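Structure data (compact mmCIF, C-alpha atoms) from entry.txt:
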# COMPACT_ATOMS: atom_id res chain seq x y z
CA MET X 1 -64.66 -89.41 -36.27
CA ALA X 2 -63.51 -93.03 -36.08
CA LEU X 3 -65.79 -95.34 -34.14
CA THR X 4 -65.20 -98.45 -32.06
CA LEU X 5 -68.30 -100.49 -31.28
CA LEU X 6 -68.85 -103.19 -28.66
CA TYR X 7 -71.58 -105.73 -29.33
CA LYS X 8 -73.10 -107.73 -26.46
CA GLY X 9 -75.77 -110.23 -27.45
CA PRO X 10 -76.57 -113.40 -29.41
CA ALA X 11 -73.71 -114.53 -31.67
CA GLU X 12 -75.79 -114.99 -34.83
CA ARG X 13 -77.14 -111.44 -34.63
CA GLY X 14 -73.69 -110.05 -33.88
CA GLU X 15 -72.17 -111.74 -36.92
CA CYS X 16 -74.95 -110.41 -39.17
CA TRP X 17 -74.63 -106.87 -37.88
CA GLN X 18 -70.84 -106.88 -37.97
CA GLN X 19 -70.88 -107.93 -41.62
CA ALA X 20 -73.35 -105.16 -42.48
CA VAL X 21 -71.33 -102.51 -40.65
CA SER X 22 -68.01 -103.68 -42.12
CA ALA X 23 -69.42 -103.61 -45.65
CA ALA X 24 -70.83 -100.10 -45.34
CA LEU X 25 -68.34 -98.56 -42.92
CA PRO X 26 -65.02 -100.43 -43.10
CA GLU X 27 -63.34 -97.83 -40.92
CA VAL X 28 -65.55 -98.72 -37.92
CA ARG X 29 -63.97 -101.20 -35.50
CA TRP X 30 -66.11 -103.95 -33.95
CA PHE X 31 -65.50 -105.78 -30.68
CA THR X 32 -67.68 -108.65 -29.51
CA TRP X 33 -68.26 -109.23 -25.79
CA PRO X 34 -66.38 -110.47 -23.82
CA GLU X 35 -63.31 -110.02 -26.07
CA ILE X 36 -62.47 -106.34 -25.57
CA PRO X 37 -58.81 -105.67 -26.41
CA GLU X 38 -59.07 -101.89 -25.88
CA PRO X 39 -61.81 -100.92 -23.38
CA ASP X 40 -60.72 -97.27 -23.47
CA ALA X 41 -61.43 -97.16 -27.21
CA VAL X 42 -65.09 -98.22 -27.00
CA ASP X 43 -67.37 -95.41 -28.21
CA ALA X 44 -70.68 -97.27 -28.17
CA ILE X 45 -72.25 -100.45 -26.80
CA ILE X 46 -74.88 -102.31 -28.79
CA THR X 47 -76.83 -104.37 -26.27
CA TRP X 48 -80.10 -105.15 -24.50
CA THR X 49 -78.58 -104.83 -21.02
CA LEU X 50 -75.51 -102.95 -19.88
CA PRO X 51 -72.58 -104.79 -18.29
CA ASP X 52 -71.83 -104.07 -14.65
CA ASN X 53 -69.54 -101.10 -13.99
CA TYR X 54 -69.77 -100.08 -17.63
CA GLN X 55 -68.80 -96.46 -16.90
CA GLN X 56 -65.58 -97.50 -15.20
CA GLN X 57 -64.83 -100.20 -17.76
CA PHE X 58 -65.48 -97.95 -20.77
CA PRO X 59 -64.50 -94.41 -19.70
CA ASN X 60 -64.89 -92.93 -23.21
CA LEU X 61 -68.32 -94.36 -23.90
CA LYS X 62 -70.52 -91.97 -25.88
CA ALA X 63 -73.62 -93.95 -26.87
CA ILE X 64 -75.77 -96.97 -26.09
CA PHE X 65 -77.70 -98.64 -28.89
CA SER X 66 -80.60 -100.82 -27.79
CA VAL X 67 -81.03 -103.95 -29.89
CA GLY X 68 -84.82 -103.58 -29.51
CA ALA X 69 -87.50 -100.92 -29.41
CA GLY X 70 -87.51 -100.88 -25.61
CA VAL X 71 -85.07 -98.83 -23.53
CA ASP X 72 -86.63 -98.96 -20.05
CA GLN X 73 -84.17 -101.68 -19.04
CA PHE X 74 -81.45 -99.01 -19.13
CA ALA X 75 -83.28 -96.74 -16.63
CA PRO X 76 -82.81 -93.80 -19.04
CA ALA X 77 -83.14 -91.04 -16.46
CA SER X 78 -80.22 -92.50 -14.50
CA LEU X 79 -77.78 -92.53 -17.43
CA PRO X 80 -75.03 -89.90 -17.59
CA SER X 81 -76.15 -86.79 -19.45
CA HIS X 82 -73.42 -87.05 -22.09
CA LEU X 83 -74.47 -90.54 -23.23
CA LYS X 84 -76.69 -90.88 -26.27
CA LEU X 85 -79.38 -93.58 -25.94
CA VAL X 86 -80.81 -94.93 -29.19
CA ARG X 87 -83.74 -97.32 -29.50
CA MET X 88 -84.08 -99.66 -32.46
CA ILE X 89 -86.64 -98.19 -34.84
CA ASP X 90 -87.16 -100.89 -37.45
CA PRO X 91 -90.40 -101.07 -39.47
CA SER X 92 -90.44 -104.85 -39.09
CA ILE X 93 -90.73 -104.48 -35.30
CA ALA X 94 -93.87 -102.36 -35.66
CA THR X 95 -95.27 -104.71 -38.30
CA GLN X 96 -94.85 -107.70 -36.01
CA MET X 97 -96.55 -105.91 -33.14
CA GLN X 98 -99.41 -104.82 -35.40
CA THR X 99 -100.05 -108.37 -36.60
CA TRP X 100 -99.78 -109.91 -33.11
CA VAL X 101 -102.14 -107.37 -31.55
CA LEU X 102 -104.54 -107.66 -34.49
CA THR X 103 -104.59 -111.43 -34.06
CA ALA X 104 -105.28 -111.08 -30.34
CA VAL X 105 -108.02 -108.51 -30.91
CA MET X 106 -109.74 -110.65 -33.53
CA MET X 107 -109.60 -113.73 -31.32
CA LEU X 108 -111.45 -111.74 -28.67
CA HIS X 109 -113.73 -109.80 -30.98
CA ARG X 110 -114.99 -112.94 -32.74
CA ASP X 111 -115.31 -115.01 -29.53
CA ILE X 112 -112.81 -117.61 -30.71
CA PHE X 113 -111.81 -118.66 -27.17
CA ARG X 114 -115.46 -119.08 -26.25
CA TYR X 115 -116.04 -121.30 -29.26
CA GLN X 116 -112.92 -123.31 -28.46
CA ARG X 117 -114.31 -124.05 -24.99
CA GLN X 118 -117.66 -125.01 -26.55
CA GLN X 119 -115.87 -127.36 -28.93
CA HIS X 120 -114.38 -129.26 -26.00
CA GLN X 121 -117.94 -129.58 -24.67
CA ASN X 122 -119.32 -130.74 -28.04
CA LEU X 123 -121.57 -127.69 -27.80
CA TRP X 124 -123.00 -126.08 -30.95
CA GLN X 125 -124.14 -122.63 -29.84
CA PRO X 126 -123.78 -119.50 -32.01
CA HIS X 127 -123.52 -116.08 -30.36
CA SER X 128 -124.32 -112.62 -31.65
CA VAL X 129 -121.61 -110.83 -33.60
CA LYS X 130 -120.49 -107.26 -32.94
CA LEU X 131 -119.28 -105.13 -35.82
CA PRO X 132 -115.90 -103.42 -35.35
CA HIS X 133 -117.40 -99.98 -34.71
CA GLU X 134 -119.38 -101.50 -31.84
CA CYS X 135 -116.16 -102.54 -30.08
CA THR X 136 -114.10 -99.91 -28.24
CA ILE X 137 -110.40 -100.65 -27.89
CA SER X 138 -108.21 -98.62 -25.55
CA ILE X 139 -104.44 -98.61 -25.97
CA LEU X 140 -102.15 -97.72 -23.08
CA GLY X 141 -99.02 -96.26 -24.62
CA LEU X 142 -98.99 -94.26 -27.86
CA GLY X 143 -95.32 -94.45 -28.73
CA GLU X 144 -93.90 -95.83 -31.97
CA LEU X 145 -95.58 -99.22 -31.57
CA GLY X 146 -98.78 -98.07 -29.88
CA SER X 147 -99.46 -95.45 -32.54
CA GLN X 148 -99.04 -97.96 -35.35
CA VAL X 149 -101.35 -100.42 -33.61
CA ALA X 150 -103.92 -97.65 -33.12
CA PHE X 151 -103.84 -96.75 -36.83
CA THR X 152 -104.26 -100.41 -37.84
CA LEU X 153 -107.27 -100.98 -35.59
CA SER X 154 -108.87 -97.65 -36.44
CA GLY X 155 -108.45 -98.42 -40.13
CA LEU X 156 -110.46 -101.62 -39.65
CA GLY X 157 -113.35 -99.66 -38.17
CA PHE X 158 -112.82 -100.26 -34.46
CA ALA X 159 -113.53 -97.40 -32.06
CA VAL X 160 -110.00 -96.68 -30.79
CA GLN X 161 -108.96 -94.73 -27.73
CA GLY X 162 -105.41 -94.15 -26.54
CA TYR X 163 -103.60 -93.05 -23.41
CA SER X 164 -100.16 -91.51 -23.07
CA ARG X 165 -98.63 -89.55 -20.23
CA SER X 166 -98.07 -86.49 -22.42
CA ALA X 167 -100.79 -85.24 -24.75
CA LYS X 168 -100.85 -86.64 -28.30
CA GLN X 169 -103.14 -86.20 -31.26
CA LEU X 170 -103.65 -89.15 -33.62
CA PRO X 171 -106.09 -89.15 -36.57
CA GLY X 172 -109.08 -91.37 -35.89
CA VAL X 173 -108.10 -91.97 -32.26
CA LEU X 174 -109.67 -90.42 -29.16
CA THR X 175 -106.68 -89.61 -26.97
CA PHE X 176 -106.28 -89.10 -23.23
CA SER X 177 -103.26 -88.02 -21.20
CA GLY X 178 -102.16 -87.55 -17.62
CA ASP X 179 -100.35 -89.37 -14.84
CA THR X 180 -102.75 -92.33 -15.04
CA PRO X 181 -105.40 -93.60 -17.48
CA SER X 182 -108.70 -91.85 -16.89
CA ALA X 183 -111.79 -93.55 -15.52
CA GLU X 184 -113.71 -92.08 -18.48
CA MET X 185 -111.58 -93.98 -20.97
CA LEU X 186 -111.41 -97.22 -18.99
CA GLY X 187 -115.14 -97.26 -18.32
CA ASN X 188 -115.84 -97.25 -22.05
CA THR X 189 -113.43 -100.06 -22.99
CA ASP X 190 -114.20 -103.49 -24.39
CA ILE X 191 -110.57 -104.50 -24.97
CA LEU X 192 -107.66 -102.91 -23.10
CA ILE X 193 -104.22 -103.19 -24.71
CA SER X 194 -101.06 -102.29 -22.80
CA LEU X 195 -98.02 -101.28 -24.84
CA LEU X 196 -96.53 -99.04 -22.19
CA PRO X 197 -92.81 -98.77 -21.50
CA LEU X 198 -91.69 -99.78 -18.02
CA THR X 199 -91.14 -96.77 -15.78
CA ALA X 200 -91.63 -95.97 -12.12
CA ASN X 201 -95.13 -94.77 -13.03
CA THR X 202 -96.13 -97.84 -15.05
CA LYS X 203 -94.77 -100.59 -12.81
CA GLY X 204 -97.81 -102.37 -11.38
CA ILE X 205 -100.22 -100.13 -13.29
CA LEU X 206 -102.38 -103.10 -14.35
CA ASN X 207 -103.69 -103.65 -10.85
CA ALA X 208 -106.99 -104.33 -9.11
CA GLU X 209 -107.97 -100.67 -9.02
CA LEU X 210 -107.43 -100.12 -12.74
CA LEU X 211 -109.05 -103.40 -13.80
CA ALA X 212 -112.10 -102.64 -11.64
CA LYS X 213 -112.71 -99.49 -13.72
CA LEU X 214 -113.23 -101.57 -16.85
CA PRO X 215 -116.78 -102.68 -17.67
CA LYS X 216 -117.78 -106.21 -16.68
CA GLY X 217 -116.71 -108.59 -19.44
CA ALA X 218 -113.83 -106.47 -20.77
CA ALA X 219 -110.68 -108.24 -21.96
CA LEU X 220 -106.99 -107.47 -21.43
CA ILE X 221 -104.06 -107.75 -23.85
CA ASN X 222 -100.57 -107.13 -22.45
CA ALA X 223 -97.58 -106.84 -24.76
CA GLY X 224 -95.88 -104.06 -22.80
CA ARG X 225 -93.87 -105.33 -19.84
CA GLY X 226 -94.59 -108.14 -17.40
CA GLU X 227 -93.77 -105.96 -14.40
CA GLN X 228 -96.74 -103.73 -15.21
CA LEU X 229 -99.23 -106.44 -14.28
CA VAL X 230 -100.14 -107.46 -10.74
CA ALA X 231 -100.76 -111.15 -11.42
CA ASP X 232 -102.92 -111.84 -8.37
CA ASP X 233 -105.16 -108.88 -9.22
CA LEU X 234 -105.77 -110.18 -12.72
CA LEU X 235 -106.54 -113.67 -11.41
CA PHE X 236 -109.01 -112.19 -8.92
CA HIS X 237 -110.90 -110.25 -11.59
CA LEU X 238 -110.91 -113.20 -13.99
CA ASP X 239 -112.24 -115.59 -11.35
CA ALA X 240 -114.86 -113.03 -10.34
CA GLY X 241 -116.03 -112.80 -13.95
CA HIS X 242 -115.24 -109.09 -14.21
CA ILE X 243 -112.49 -109.64 -16.80
CA SER X 244 -113.49 -112.13 -19.49
CA GLU X 245 -110.16 -113.04 -21.12
CA ALA X 246 -106.50 -112.06 -20.95
CA ILE X 247 -103.94 -112.52 -23.73
CA MET X 248 -100.39 -112.18 -22.44
CA ASP X 249 -97.03 -111.98 -24.19
CA VAL X 250 -94.91 -110.54 -21.36
CA PHE X 251 -94.43 -111.80 -17.82
CA ASP X 252 -92.61 -111.27 -14.56
CA PRO X 253 -90.45 -113.31 -14.41
CA GLU X 254 -89.55 -114.70 -17.83
CA PRO X 255 -89.61 -117.49 -18.75
CA LEU X 256 -92.90 -117.98 -16.91
CA PRO X 257 -92.28 -120.61 -14.19
CA LYS X 258 -93.96 -123.95 -14.88
CA SER X 259 -95.77 -123.69 -11.53
CA HIS X 260 -97.34 -120.31 -12.35
CA PRO X 261 -101.16 -120.30 -12.21
CA PHE X 262 -101.38 -118.50 -15.56
CA TRP X 263 -100.52 -121.72 -17.41
CA ASP X 264 -103.64 -123.59 -16.33
CA HIS X 265 -106.18 -120.77 -16.29
CA ALA X 266 -108.89 -121.31 -18.90
CA ASN X 267 -109.21 -117.60 -19.63
CA ILE X 268 -105.53 -116.71 -19.90
CA HIS X 269 -103.81 -117.19 -23.25
CA ILE X 270 -100.01 -117.13 -23.41
CA THR X 271 -97.36 -116.46 -26.03
CA PRO X 272 -93.65 -116.51 -25.00
CA HIS X 273 -92.66 -112.86 -25.58
CA ILE X 274 -92.79 -113.13 -29.36
CA ALA X 275 -95.20 -110.32 -30.22
CA SER X 276 -92.39 -108.23 -31.67
CA VAL X 277 -88.77 -109.35 -31.97
CA THR X 278 -85.76 -107.77 -33.65
CA ARG X 279 -84.99 -109.30 -37.05
CA ASN X 280 -81.26 -109.51 -37.67
CA ASP X 281 -81.36 -108.59 -41.36
CA THR X 282 -83.62 -105.55 -41.32
CA ALA X 283 -82.26 -104.23 -38.02
CA ALA X 284 -78.71 -104.40 -39.43
CA LEU X 285 -79.72 -101.85 -42.06
CA ARG X 286 -81.16 -99.54 -39.41
CA LEU X 287 -77.96 -99.78 -37.35
CA VAL X 288 -75.82 -98.88 -40.35
CA GLU X 289 -78.06 -95.91 -41.17
CA ASN X 290 -77.75 -94.59 -37.62
CA LEU X 291 -73.98 -94.99 -37.57
CA GLN X 292 -73.79 -93.02 -40.80
CA LEU X 293 -75.92 -90.27 -39.26
CA TRP X 294 -73.74 -90.23 -36.14
CA LEU X 295 -70.56 -89.97 -38.18
CA ALA X 296 -72.13 -87.05 -40.06
CA ASP X 297 -72.96 -85.39 -36.72
CA LYS X 298 -76.70 -85.68 -37.39
CA THR X 299 -79.50 -86.80 -35.09
CA MET X 300 -79.97 -90.56 -35.19
CA THR X 301 -83.33 -92.23 -35.68
CA GLY X 302 -84.63 -93.36 -32.29
CA GLU X 303 -82.53 -91.06 -30.09
CA VAL X 304 -84.20 -91.02 -26.68
CA ASP X 305 -84.95 -88.09 -24.43
CA LYS X 306 -83.50 -89.78 -21.36
CA LEU X 307 -85.47 -87.69 -18.86
CA ARG X 308 -88.76 -88.59 -20.54
CA GLY X 309 -87.73 -92.15 -21.39
CA TYR X 310 -88.73 -91.98 -25.09

Written as structure tokens, that's how I'd like the structure from this file.
Amino acid sequence: MALTLLYKGPAERGECWQQAVSAALPEVRWFTWPEIPEPDAVDAIITWTLPDNYQQQFPNLKAIFSVGAGVDQFAPASLPSHLKLVRMIDPSIATQMQTWVLTAVMMLHRDIFRYQRQQHQNLWQPHSVKLPHECTISILGLGELGSQVAFTLSGLGFAVQGYSRSAKQLPGVLTFSGDTPSAEMLGNTDILISLLPLTANTKGILNAELLAKLPKGAALINAGRGEQLVADDLLFHLDAGHISEAIMDVFDPEPLPKSHPFWDHANIHITPHIASVTRNDTAALRLVENLQLWLADKTMTGEVDKLRGY
């Protein structure tokens, strides 16, 4: 089967990936958006977001390759049944998320933000130190990234819990499942980490009701999706002293507007959606591997069950 690919994204990444594909699979044709000499020939789109009217524009489309680990932006359940949807499964993506989350957890666990505020007050005041096993971390979302984060934290001795909609078993992790995170899990959480995909069920899930179920003084880390957080509800719980700190990497909208109250809040700590990004070089290898599997009529790494969204 000959393949024609359409790439839609940053030019530097496209050039890197095209070179990798051409070297390994010279028979594969590569178009770069918006130069599409033969729309009818396009078999797959490599993109983060689909172009408008893509089904009409590319009537023989067979697959969509996400340039990142996320696929919720494609609304998987709404895609035609014949289309393959493939997420980017690149070990470097998981490694980046592990190190970002670990950094955030350690900043909270060792009271670094508290000591930073004391520094600005010229205040020398030590506080008691908890050992990792005395800190319970709950992870919302136990997919590829969430599972790796859970293993990392569990391996360091933290008490780790995890929630996913469907039941999962992970060594060293107490797991919960269901339509929503359980009050039992939330009520026993010192640090709550959200790595959930964005679905109809997870939009707005980090709201006043959920945050109220956390113990007083719990902290929040969100590296899932900005649309999952109700900003005003977080601000309310922070100002009330119920939530102690929040470390945020994702927002709604992005970039975060300069007038947004998150910027100036002493207990909110912001990074600009950099927790886990696709590296051009390593991701190029994963793309080539999947194209080779597809040409061999084998299941590709990261193929998504579109009805389940993962």

Please measure the separation of CA of Leu123 (chain X) and CA of Leu238 (chain X), giving the value in Å to one decimal.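 Atom-to-atom, CA of Leu123 (chain X) to CA of Leu238 (chain X), that is 22.7 Å.
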
From X:Leu235, X:Ala183, X:Val250, X:Met97, residue lying nearest Pro215 (chain X) [only C-alpha atoms]: X:Ala183

Between X:Thr103, X:Ser147, X:Gln121, X:Thr301, which is the closest to Arg286 (chain X) once you count only C-alpha atoms? X:Thr301

Could you tell me how far CA of Pro272 (chain X) sits from CA of Lys8 (chain X), in Å to one decimal place? 22.4 Å

Determine, using only C-alpha atoms, which residues of region 68-121 of chain X have any atom at most 10 Å from an atom of region 42-46 of chain X, and tabulate each with its shortest atom pair and distance in Å to one decimal place, rows ordered by chain and then rising number, as a tab-separated table.
residue	atom	partner	partner_atom	distance
X:Leu83	CA	X:Ala44	CA	9.2
X:Lys84	CA	X:Ala44	CA	9.0
X:Leu85	CA	X:Ala44	CA	9.7
X:Val86	CA	X:Ile46	CA	9.5

Which of these, X:Glu12, X:Asp179, X:Glu245, X:Asp281, has the shortest distance to Ile93 (chain X) once you count only C-alpha atoms? X:Asp281

Measuring atom to atom with all atoms listed in the file, identify which of X:Thr282, X:Thr202, X:Gln119, X:Ser177 is nearest to Val230 (chain X).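 The closest residue to Val230 (chain X) is X:Thr202.
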
Can you tell me, as a PyMOL selection string, what residues are no more than 10 Å from Asn267 (chain X) when counting all atoms listed in the file, ignoring any on the same chain fewer than 6 positions away? chain X and resi 113-114+117+219+235+238-239+243-247

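Between CA of Pro181 (chain X) and CA of Leu210 (chain X) there is a distance of 8.3 Å.
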
Residue contacts of Arg110 (chain X) (10 Å, only C-alpha atoms) excluding same-chain residues fewer than 2 positions away, as a ChimeraX atom specification: /X:105-108,112-115,127-132

Point (-100.9, -104.5, -10.9) neighbourhood (9 Å, all atoms listed in the file) written as number ranges by chain: X: 203-211, 227-234

Could you pull the residues within 6 Å of Gln161 (chain X), counting all atoms listed in the file, minus those fewer than 2 positions along the same chain, as a PyMOL selection string? chain X and resi 138+173-175

Which residue gives the smallest distance to Gly224 (chain X) among X:Ser276, X:Gln96, X:Ser182, X:Asn122, with all atoms listed in the file counted? X:Ser276

Go ahead and find all residues with at least one atom no further than 9 Å from (-102.7, -101.5, -34.9) in the file's coordinates, using only C-alpha atoms; report them as a ChimeraX atom specification. /X:94-95,97-99,101-102,145-155

Would you list the contacts of Pro197 (chain X) as a PyMOL selection string, taking every protein, DNA or RNA residue within 12 Å and counting only C-alpha atoms, but skipping same-chain residues closer than 3 positions in sequence? chain X and resi 69-76+140-146+164-165+194+200-205+222-228+250+308-310

Output requested as a JSON list (two decimals), in the coordinates of the input - region 96-118 of chain X, filled out with N, CA, C and O atoms.
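And here is the file that came out, rebuild.json:
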[["chain", "number", "residue", "atom", "x", "y", "z"],
["X", 96, "GLN", "N", -94.60, -106.51, -36.83],
["X", 96, "GLN", "CA", -94.85, -107.70, -36.01],
["X", 96, "GLN", "C", -95.84, -107.40, -34.89],
["X", 96, "GLN", "O", -96.75, -108.19, -34.61],
["X", 97, "MET", "N", -95.65, -106.26, -34.23],
["X", 97, "MET", "CA", -96.55, -105.91, -33.14],
["X", 97, "MET", "C", -97.97, -105.68, -33.67],
["X", 97, "MET", "O", -98.95, -106.11, -33.04],
["X", 98, "GLN", "N", -98.08, -105.04, -34.81],
["X", 98, "GLN", "CA", -99.41, -104.82, -35.40],
["X", 98, "GLN", "C", -100.11, -106.15, -35.66],
["X", 98, "GLN", "O", -101.30, -106.30, -35.34],
["X", 99, "THR", "N", -99.40, -107.10, -36.26],
["X", 99, "THR", "CA", -100.05, -108.37, -36.60],
["X", 99, "THR", "C", -100.37, -109.19, -35.36],
["X", 99, "THR", "O", -101.42, -109.85, -35.30],
["X", 100, "TRP", "N", -99.50, -109.15, -34.34],
["X", 100, "TRP", "CA", -99.78, -109.91, -33.11],
["X", 100, "TRP", "C", -100.99, -109.33, -32.40],
["X", 100, "TRP", "O", -101.90, -110.07, -31.99],
["X", 101, "VAL", "N", -101.01, -108.01, -32.24],
["X", 101, "VAL", "CA", -102.14, -107.37, -31.55],
["X", 101, "VAL", "C", -103.42, -107.58, -32.35],
["X", 101, "VAL", "O", -104.48, -107.87, -31.77],
["X", 102, "LEU", "N", -103.34, -107.46, -33.67],
["X", 102, "LEU", "CA", -104.54, -107.66, -34.49],
["X", 102, "LEU", "C", -105.06, -109.08, -34.33],
["X", 102, "LEU", "O", -106.28, -109.29, -34.21],
["X", 103, "THR", "N", -104.17, -110.05, -34.28],
["X", 103, "THR", "CA", -104.59, -111.43, -34.06],
["X", 103, "THR", "C", -105.29, -111.58, -32.72],
["X", 103, "THR", "O", -106.36, -112.19, -32.62],
["X", 104, "ALA", "N", -104.69, -110.99, -31.67],
["X", 104, "ALA", "CA", -105.28, -111.08, -30.34],
["X", 104, "ALA", "C", -106.65, -110.41, -30.29],
["X", 104, "ALA", "O", -107.61, -110.95, -29.73],
["X", 105, "VAL", "N", -106.74, -109.23, -30.89],
["X", 105, "VAL", "CA", -108.02, -108.51, -30.91],
["X", 105, "VAL", "C", -109.09, -109.32, -31.62],
["X", 105, "VAL", "O", -110.22, -109.45, -31.15],
["X", 106, "MET", "N", -108.75, -109.89, -32.76],
["X", 106, "MET", "CA", -109.74, -110.65, -33.53],
["X", 106, "MET", "C", -110.17, -111.92, -32.81],
["X", 106, "MET", "O", -111.35, -112.32, -32.88],
["X", 107, "MET", "N", -109.24, -112.56, -32.11],
["X", 107, "MET", "CA", -109.60, -113.73, -31.32],
["X", 107, "MET", "C", -110.65, -113.37, -30.27],
["X", 107, "MET", "O", -111.58, -114.13, -30.00],
["X", 108, "LEU", "N", -110.48, -112.19, -29.68],
["X", 108, "LEU", "CA", -111.45, -111.74, -28.67],
["X", 108, "LEU", "C", -112.74, -111.24, -29.33],
["X", 108, "LEU", "O", -113.84, -111.59, -28.89],
["X", 109, "HIS", "N", -112.58, -110.43, -30.35],
["X", 109, "HIS", "CA", -113.73, -109.80, -30.98],
["X", 109, "HIS", "C", -114.70, -110.83, -31.57],
["X", 109, "HIS", "O", -115.92, -110.66, -31.52],
["X", 110, "ARG", "N", -114.14, -111.92, -32.12],
["X", 110, "ARG", "CA", -114.99, -112.94, -32.74],
["X", 110, "ARG", "C", -115.23, -114.14, -31.82],
["X", 110, "ARG", "O", -115.65, -115.20, -32.27],
["X", 111, "ASP", "N", -114.97, -113.98, -30.53],
["X", 111, "ASP", "CA", -115.31, -115.01, -29.53],
["X", 111, "ASP", "C", -114.64, -116.36, -29.78],
["X", 111, "ASP", "O", -115.21, -117.41, -29.43],
["X", 112, "ILE", "N", -113.46, -116.36, -30.36],
["X", 112, "ILE", "CA", -112.81, -117.61, -30.71],
["X", 112, "ILE", "C", -112.53, -118.48, -29.47],
["X", 112, "ILE", "O", -112.72, -119.71, -29.51],
["X", 113, "PHE", "N", -112.09, -117.86, -28.38],
["X", 113, "PHE", "CA", -111.81, -118.66, -27.17],
["X", 113, "PHE", "C", -113.09, -119.28, -26.61],
["X", 113, "PHE", "O", -113.08, -120.42, -26.13],
["X", 114, "ARG", "N", -114.17, -118.56, -26.70],
["X", 114, "ARG", "CA", -115.46, -119.08, -26.25],
["X", 114, "ARG", "C", -115.87, -120.29, -27.08],
["X", 114, "ARG", "O", -116.31, -121.32, -26.55],
["X", 115, "TYR", "N", -115.68, -120.18, -28.39],
["X", 115, "TYR", "CA", -116.04, -121.30, -29.26],
["X", 115, "TYR", "C", -115.10, -122.49, -29.08],
["X", 115, "TYR", "O", -115.51, -123.64, -29.23],
["X", 116, "GLN", "N", -113.84, -122.21, -28.74],
["X", 116, "GLN", "CA", -112.92, -123.31, -28.46],
["X", 116, "GLN", "C", -113.38, -124.09, -27.23],
["X", 116, "GLN", "O", -113.34, -125.33, -27.21],
["X", 117, "ARG", "N", -113.82, -123.38, -26.19],
["X", 117, "ARG", "CA", -114.31, -124.05, -24.99],
["X", 117, "ARG", "C", -115.58, -124.85, -25.31],
["X", 117, "ARG", "O", -115.78, -125.95, -24.80],
["X", 118, "GLN", "N", -116.45, -124.27, -26.16],
["X", 118, "GLN", "CA", -117.66, -125.01, -26.55],
["X", 118, "GLN", "C", -117.32, -126.27, -27.35],
["X", 118, "GLN", "O", -117.99, -127.29, -27.22]]
